[in-house]
Amino acid sequence: MVDYLQAVVLGLIQGLTEFLPISSSAHLRILPETFGWGDPGAAFTAVIQIGTELAVLLYFRKDIWRIASMWLKSLRHAEYRGHLDARMGWFIIVGSLPIVVLGILLKDFIEEDFRSLWIIGVTLIVGGIVLGIADRVGRTEKTLKQLTLRDAVLMGLAQACALIPGVSRSGATLSMGRFLGYERETATRYAFLLAIPAVIGAGLFELKEVPNGDNLYGWGPTIVATAVSFVIGYAAIAWLLRFVSTHSFTPFVIYRIALGAGTLVLVATGAIAA
């Protein structure tokens, strides 16, 4: 029962933090350690993220169906290849390649070295500063219609930085989007869509590691955490899209820096293990 209760808490954390630019993987590493539960493991973290991505699929189902349909049409009929949705399909595919390739090449580092709380504390702070600068200097003028292949690749490269816990997939993508001059809501929507192939792919790739890898939880708690993250994540998407349409990213910047600094202090004083 203890494992299942912990799984509910971790699923709640995942659902609340996945879409915010504050790094869900960092929270799933820091908070369990603070509670004295230990590291839940890279496979557990990757698999329960499937829950939040299923929430994305449900929330954006009409957009995803439209993009997928037009992309498939463009493969057969040249007249559809200039359509925004057809191009968006290619942008998501090409933009996902960096994180997929680097994720496979750096698998051992991701599961071991990158999970150090020293690294996570630093990346939270640095990522927060970058997000703050990007949000302040970035022009708010480009919409999804103006997305180019170059920008899609650059945001894909930024997303790949999130292989290091603490960077934040959405935070890195949003930072690059703002540097490139995209509206906050536009950058946020594209970050959601861009994450789908990478997150679901990583989760499926790590499924085999749940019962065998270096993880605290087996199948039962993992499934429970995934289900909870789906429900909470769906609500978080709607809230974030409303928030970014009228607010800056400043609250997230402050939170990231505070969490990163607090983590480094706790590790340095021996209150929690790195």
# chains A, B, ... in the order shown; residues from 1 in each chain; ligands from 1
>>> residues_around(residues="region 89-98 of chain A", least_positions_apart="4", cutoff="12 Å", atoms="only C-alpha atoms", output="CSV table (one decimal) with C-alpha atoms, in the first residue's frame")
chain,number,residue,atom,x,y,z
A,63,ASP,CA,-5.5,19.5,-34.2
A,64,ILE,CA,-3.5,16.2,-34.2
A,65,TRP,CA,-6.1,14.5,-36.5
A,66,ARG,CA,-6.1,17.5,-38.8
A,67,ILE,CA,-2.3,17.6,-39.0
A,68,ALA,CA,-1.9,13.8,-39.5
A,69,SER,CA,-4.6,13.7,-42.1
A,70,MET,CA,-3.2,16.6,-44.2
A,71,TRP,CA,0.4,15.2,-43.8
A,72,LEU,CA,-0.7,11.8,-45.2
A,73,LYS,CA,-2.6,13.6,-48.0
A,74,SER,CA,0.5,15.6,-48.9
A,75,LEU,CA,2.5,12.4,-49.3
A,81,ARG,CA,2.4,20.0,-49.6
A,82,GLY,CA,2.3,23.7,-49.0
A,83,HIS,CA,-0.6,23.5,-46.5
A,84,LEU,CA,0.2,24.6,-42.9
A,85,ASP,CA,-0.9,21.3,-41.4
A,102,LEU,CA,20.6,11.9,-28.4
A,103,GLY,CA,18.3,9.9,-26.1
A,104,ILE,CA,19.5,6.6,-27.6
A,105,LEU,CA,23.2,7.7,-27.6
A,106,LEU,CA,23.2,9.1,-24.1
A,144,LEU,CA,2.1,29.2,-35.9
A,147,LEU,CA,6.8,28.6,-38.3
A,148,THR,CA,9.7,27.5,-40.6
A,149,LEU,CA,11.8,24.4,-40.9
A,150,ARG,CA,14.8,26.2,-39.4
A,151,ASP,CA,12.8,27.3,-36.4
A,152,ALA,CA,11.3,23.8,-35.9
A,153,VAL,CA,14.8,22.3,-35.9
A,154,LEU,CA,16.1,24.9,-33.5
A,155,MET,CA,13.2,24.3,-31.1
A,156,GLY,CA,13.8,20.5,-31.5
A,157,LEU,CA,17.5,21.0,-30.6
A,158,ALA,CA,16.4,23.0,-27.5
A,159,GLN,CA,14.0,20.2,-26.5
A,160,ALA,CA,16.8,17.7,-26.7
A,161,CYS,CA,18.6,19.6,-23.9
A,162,ALA,CA,15.8,18.3,-21.6
A,163,LEU,CA,17.5,14.9,-21.6
A,169,ARG,CA,11.3,20.0,-22.1
A,173,THR,CA,11.4,24.8,-26.2
A,189,ARG,CA,1.2,24.9,-28.3
A,190,TYR,CA,4.1,23.8,-30.5
A,191,ALA,CA,6.0,22.6,-27.4
A,192,PHE,CA,3.0,20.3,-26.6
A,193,LEU,CA,2.9,18.9,-30.1
A,194,LEU,CA,6.6,18.5,-30.4
A,195,ALA,CA,6.9,16.5,-27.2
A,196,ILE,CA,4.4,13.8,-28.2
A,197,PRO,CA,6.7,11.6,-30.3
A,198,ALA,CA,9.7,11.9,-28.0
A,199,VAL,CA,7.9,11.3,-24.7
A,200,ILE,CA,5.7,8.5,-25.8
A,201,GLY,CA,8.7,6.9,-27.6
A,202,ALA,CA,10.9,7.2,-24.5
>>> closest_atom_pairs(of="region 57-170 of chain A", to="region 176-186 of chain A", cutoff="7 Å", atoms="only C-alpha atoms", output="JSON lines")
{"residue": "A:Ala134", "atom": "CA", "partner": "A:Phe179", "partner_atom": "CA", "distance": 5.2}
{"residue": "A:Asp135", "atom": "CA", "partner": "A:Arg178", "partner_atom": "CA", "distance": 5.8}
{"residue": "A:Gly138", "atom": "CA", "partner": "A:Phe179", "partner_atom": "CA", "distance": 4.7}
{"residue": "A:Arg139", "atom": "CA", "partner": "A:Gly181", "partner_atom": "CA", "distance": 4.4}
{"residue": "A:Thr140", "atom": "CA", "partner": "A:Glu183", "partner_atom": "CA", "distance": 4.6}
{"residue": "A:Glu141", "atom": "CA", "partner": "A:Tyr182", "partner_atom": "CA", "distance": 5.8}
{"residue": "A:Lys142", "atom": "CA", "partner": "A:Tyr182", "partner_atom": "CA", "distance": 4.4}
{"residue": "A:Thr143", "atom": "CA", "partner": "A:Thr186", "partner_atom": "CA", "distance": 5.8}
{"residue": "A:Leu144", "atom": "CA", "partner": "A:Thr186", "partner_atom": "CA", "distance": 5.9}
{"residue": "A:Met155", "atom": "CA", "partner": "A:Met176", "partner_atom": "CA", "distance": 5.7}
{"residue": "A:Ala158", "atom": "CA", "partner": "A:Met176", "partner_atom": "CA", "distance": 6.5}
>>> residues_around(residues="region 50-62 of chain A", least_positions_apart="6", cutoff="9 Å", atoms="only C-alpha atoms", output="VMD selection string")
chain A and resid 11 14 to 15 18 to 19 192 to 193 195 to 196 199 to 204 225 to 235 237 to 238
>>> write_last_selection(atoms="N, CA and C atoms", output="PDB file, in the first residue's frame")
ATOM      1  N   GLY A  11       2.446  10.568  -9.347  1.00  0.00           N
ATOM      2  CA  GLY A  11       1.607  10.834 -10.511  1.00  0.00           C
ATOM      3  C   GLY A  11       1.040  12.242 -10.470  1.00  0.00           C
ATOM      4  N   GLN A  14       3.880  14.586 -11.389  1.00  0.00           N
ATOM      5  CA  GLN A  14       4.115  14.523 -12.832  1.00  0.00           C
ATOM      6  C   GLN A  14       3.056  15.302 -13.603  1.00  0.00           C
ATOM      7  N   GLY A  15       1.800  15.092 -13.249  1.00  0.00           N
ATOM      8  CA  GLY A  15       0.717  15.774 -13.953  1.00  0.00           C
ATOM      9  C   GLY A  15       0.763  17.278 -13.791  1.00  0.00           C
ATOM     10  N   GLU A  18       4.570  18.522 -15.659  1.00  0.00           N
ATOM     11  CA  GLU A  18       5.030  18.139 -16.999  1.00  0.00           C
ATOM     12  C   GLU A  18       4.963  19.291 -17.993  1.00  0.00           C
ATOM     13  N   PHE A  19       3.885  20.044 -17.978  1.00  0.00           N
ATOM     14  CA  PHE A  19       3.683  21.063 -19.005  1.00  0.00           C
ATOM     15  C   PHE A  19       4.172  22.442 -18.586  1.00  0.00           C
ATOM     16  N   PHE A 192       3.890  21.500 -26.866  1.00  0.00           N
ATOM     17  CA  PHE A 192       3.038  20.349 -26.553  1.00  0.00           C
ATOM     18  C   PHE A 192       3.092  19.319 -27.675  1.00  0.00           C
ATOM     19  N   LEU A 193       2.903  19.775 -28.915  1.00  0.00           N
ATOM     20  CA  LEU A 193       2.861  18.864 -30.063  1.00  0.00           C
ATOM     21  C   LEU A 193       4.226  18.223 -30.310  1.00  0.00           C
ATOM     22  N   ALA A 195       6.490  17.493 -28.214  1.00  0.00           N
ATOM     23  CA  ALA A 195       6.880  16.540 -27.179  1.00  0.00           C
ATOM     24  C   ALA A 195       6.244  15.160 -27.372  1.00  0.00           C
ATOM     25  N   ILE A 196       5.149  15.072 -28.115  1.00  0.00           N
ATOM     26  CA  ILE A 196       4.397  13.813 -28.207  1.00  0.00           C
ATOM     27  C   ILE A 196       5.254  12.640 -28.688  1.00  0.00           C
ATOM     28  N   VAL A 199       8.262  11.838 -26.013  1.00  0.00           N
ATOM     29  CA  VAL A 199       7.879  11.343 -24.690  1.00  0.00           C
ATOM     30  C   VAL A 199       7.249   9.960 -24.769  1.00  0.00           C
ATOM     31  N   ILE A 200       6.311   9.791 -25.704  1.00  0.00           N
ATOM     32  CA  ILE A 200       5.681   8.476 -25.840  1.00  0.00           C
ATOM     33  C   ILE A 200       6.714   7.438 -26.283  1.00  0.00           C
ATOM     34  N   GLY A 201       7.604   7.821 -27.195  1.00  0.00           N
ATOM     35  CA  GLY A 201       8.651   6.909 -27.644  1.00  0.00           C
ATOM     36  C   GLY A 201       9.566   6.499 -26.506  1.00  0.00           C
ATOM     37  N   ALA A 202       9.981   7.475 -25.680  1.00  0.00           N
ATOM     38  CA  ALA A 202      10.865   7.179 -24.547  1.00  0.00           C
ATOM     39  C   ALA A 202      10.170   6.279 -23.541  1.00  0.00           C
ATOM     40  N   GLY A 203       8.886   6.552 -23.296  1.00  0.00           N
ATOM     41  CA  GLY A 203       8.139   5.739 -22.346  1.00  0.00           C
ATOM     42  C   GLY A 203       8.005   4.301 -22.794  1.00  0.00           C
ATOM     43  N   LEU A 204       7.683   4.104 -24.072  1.00  0.00           N
ATOM     44  CA  LEU A 204       7.552   2.749 -24.611  1.00  0.00           C
ATOM     45  C   LEU A 204       8.902   2.035 -24.609  1.00  0.00           C
ATOM     46  N   ALA A 225       0.469   5.576 -11.097  1.00  0.00           N
ATOM     47  CA  ALA A 225       1.067   6.900 -11.271  1.00  0.00           C
ATOM     48  C   ALA A 225       0.790   7.449 -12.664  1.00  0.00           C
ATOM     49  N   THR A 226       0.811   6.585 -13.665  1.00  0.00           N
ATOM     50  CA  THR A 226       0.544   7.001 -15.040  1.00  0.00           C
ATOM     51  C   THR A 226      -0.895   7.481 -15.188  1.00  0.00           C
ATOM     52  N   ALA A 227      -1.832   6.758 -14.577  1.00  0.00           N
ATOM     53  CA  ALA A 227      -3.245   7.133 -14.653  1.00  0.00           C
ATOM     54  C   ALA A 227      -3.505   8.475 -13.965  1.00  0.00           C
ATOM     55  N   VAL A 228      -2.901   8.661 -12.793  1.00  0.00           N
ATOM     56  CA  VAL A 228      -3.066   9.923 -12.068  1.00  0.00           C
ATOM     57  C   VAL A 228      -2.478  11.077 -12.863  1.00  0.00           C
ATOM     58  N   SER A 229      -1.303  10.864 -13.468  1.00  0.00           N
ATOM     59  CA  SER A 229      -0.654  11.930 -14.247  1.00  0.00           C
ATOM     60  C   SER A 229      -1.501  12.314 -15.455  1.00  0.00           C
ATOM     61  N   PHE A 230      -2.230  11.358 -16.024  1.00  0.00           N
ATOM     62  CA  PHE A 230      -3.117  11.640 -17.161  1.00  0.00           C
ATOM     63  C   PHE A 230      -4.231  12.602 -16.744  1.00  0.00           C
ATOM     64  N   VAL A 231      -4.903  12.299 -15.648  1.00  0.00           N
ATOM     65  CA  VAL A 231      -6.038  13.116 -15.196  1.00  0.00           C
ATOM     66  C   VAL A 231      -5.590  14.528 -14.817  1.00  0.00           C
ATOM     67  N   ILE A 232      -4.542  14.608 -14.014  1.00  0.00           N
ATOM     68  CA  ILE A 232      -4.058  15.916 -13.559  1.00  0.00           C
ATOM     69  C   ILE A 232      -3.442  16.688 -14.730  1.00  0.00           C
ATOM     70  N   GLY A 233      -2.738  15.982 -15.614  1.00  0.00           N
ATOM     71  CA  GLY A 233      -2.103  16.631 -16.749  1.00  0.00           C
ATOM     72  C   GLY A 233      -3.107  17.281 -17.681  1.00  0.00           C
ATOM     73  N   TYR A 234      -4.243  16.643 -17.886  1.00  0.00           N
ATOM     74  CA  TYR A 234      -5.273  17.199 -18.771  1.00  0.00           C
ATOM     75  C   TYR A 234      -5.743  18.561 -18.260  1.00  0.00           C
ATOM     76  N   ALA A 235      -5.961  18.640 -16.950  1.00  0.00           N
ATOM     77  CA  ALA A 235      -6.390  19.907 -16.356  1.00  0.00           C
ATOM     78  C   ALA A 235      -5.286  20.957 -16.443  1.00  0.00           C
ATOM     79  N   ILE A 237      -3.024  21.343 -18.775  1.00  0.00           N
ATOM     80  CA  ILE A 237      -2.889  21.893 -20.124  1.00  0.00           C
ATOM     81  C   ILE A 237      -3.797  23.099 -20.296  1.00  0.00           C
ATOM     82  N   ALA A 238      -5.080  22.924 -19.959  1.00  0.00           N
ATOM     83  CA  ALA A 238      -6.050  24.008 -20.130  1.00  0.00           C
ATOM     84  C   ALA A 238      -5.644  25.233 -19.312  1.00  0.00           C
TER      85      ALA A 238
END
>>> atom_distance(atom1="CA of Glu33 (chain A)", atom2="CA of Ile164 (chain A)")
17.6 Å
>>> residues_around(residues="Val2 (chain A)", least_positions_apart="3", cutoff="12 Å", atoms="only C-alpha atoms", output="list of chain:residue names")
A:Leu5, A:Gln6, A:Ala7, A:Val8, A:Val9, A:Trp37, A:Leu216, A:Tyr217, A:Gly220, A:Pro221
>>> atom_distance(atom1="CA of Phe205 (chain A)", atom2="CA of Ile223 (chain A)")
15.6 Å
>>> select_by_dssp(residues="region 26-268 of chain A", states="helix (DSSP H, G or I)", output="MDAnalysis selection string")
chainID A and resid 26:35 42:59 61:76 78:80 84:105 107:111 113:115 117:137 144:146 149:163 169:179 184:209 219:244 250:268
>>> closest_residue(among="A:Ala172, A:Ile22, A:Val122, A:Ala187", to="Leu264 (chain A)", atoms="only C-alpha atoms")
A:Val122
>>> closest_residue(among="A:Leu31, A:Leu20, A:Ala42, A:Leu131", to="Gly262 (chain A)", atoms="only C-alpha atoms")
A:Leu31
>>> closest_residue(among="A:Ala268, A:Pro165, A:Arg136, A:Ala78", to="Leu28 (chain A)", atoms="only C-alpha atoms")
A:Pro165
>>> atom_distance(atom1="CA of Gly121 (chain A)", atom2="CA of Trp219 (chain A)")
29.5 Å
>>> closest_atom_pairs(of="region 71-151 of chain A", to="region 252-259 of chain A", cutoff="6 Å", atoms="only C-alpha atoms", output="tab-separated table")
residue	atom	partner	partner_atom	distance
A:Leu124	CA	A:Arg256	CA	5.4
A:Ile125	CA	A:Ile257	CA	4.4
A:Gly128	CA	A:Val253	CA	4.6
A:Gly132	CA	A:Val253	CA	5.8
>>> write_last_selection(atoms="all heavy atoms", output="short mmCIF file (atom, residue, chain, number, x, y, z; two decimals), in the first residue's frame")
data_model
loop_
_atom_site.label_atom_id
_atom_site.label_comp_id
_atom_site.auth_asym_id
_atom_site.auth_seq_id
_atom_site.Cartn_x
_atom_site.Cartn_y
_atom_site.Cartn_z
N LEU A 124 18.31 23.75 -13.13
CA LEU A 124 17.09 24.49 -12.78
C LEU A 124 17.36 25.99 -12.76
O LEU A 124 16.59 26.79 -13.30
CB LEU A 124 16.57 24.04 -11.41
CG LEU A 124 15.74 22.75 -11.38
CD1 LEU A 124 15.54 22.28 -9.94
CD2 LEU A 124 14.39 22.95 -12.06
N ILE A 125 18.47 26.37 -12.13
CA ILE A 125 18.81 27.79 -12.03
C ILE A 125 19.15 28.38 -13.39
O ILE A 125 18.61 29.41 -13.81
CB ILE A 125 19.97 27.99 -11.05
CG1 ILE A 125 19.55 27.60 -9.63
CG2 ILE A 125 20.45 29.45 -11.08
CD1 ILE A 125 20.69 27.56 -8.63
N GLY A 128 16.19 28.57 -15.67
CA GLY A 128 15.29 29.64 -15.26
C GLY A 128 15.78 31.00 -15.75
O GLY A 128 15.00 31.83 -16.22
N GLY A 132 13.91 33.43 -18.43
CA GLY A 132 13.60 34.81 -18.11
C GLY A 132 14.13 35.80 -19.14
O GLY A 132 13.43 36.73 -19.54
#
>>> closest_residue(among="A:Val224, A:Ile120, A:Ser248, A:Ala26", to="Val137 (chain A)", atoms="only C-alpha atoms")
A:Ser248
>>> closest_residue(among="A:Tyr4, A:Thr250, A:Trp239, A:Thr17", to="Ile133 (chain A)", atoms="only C-alpha atoms")
A:Thr250
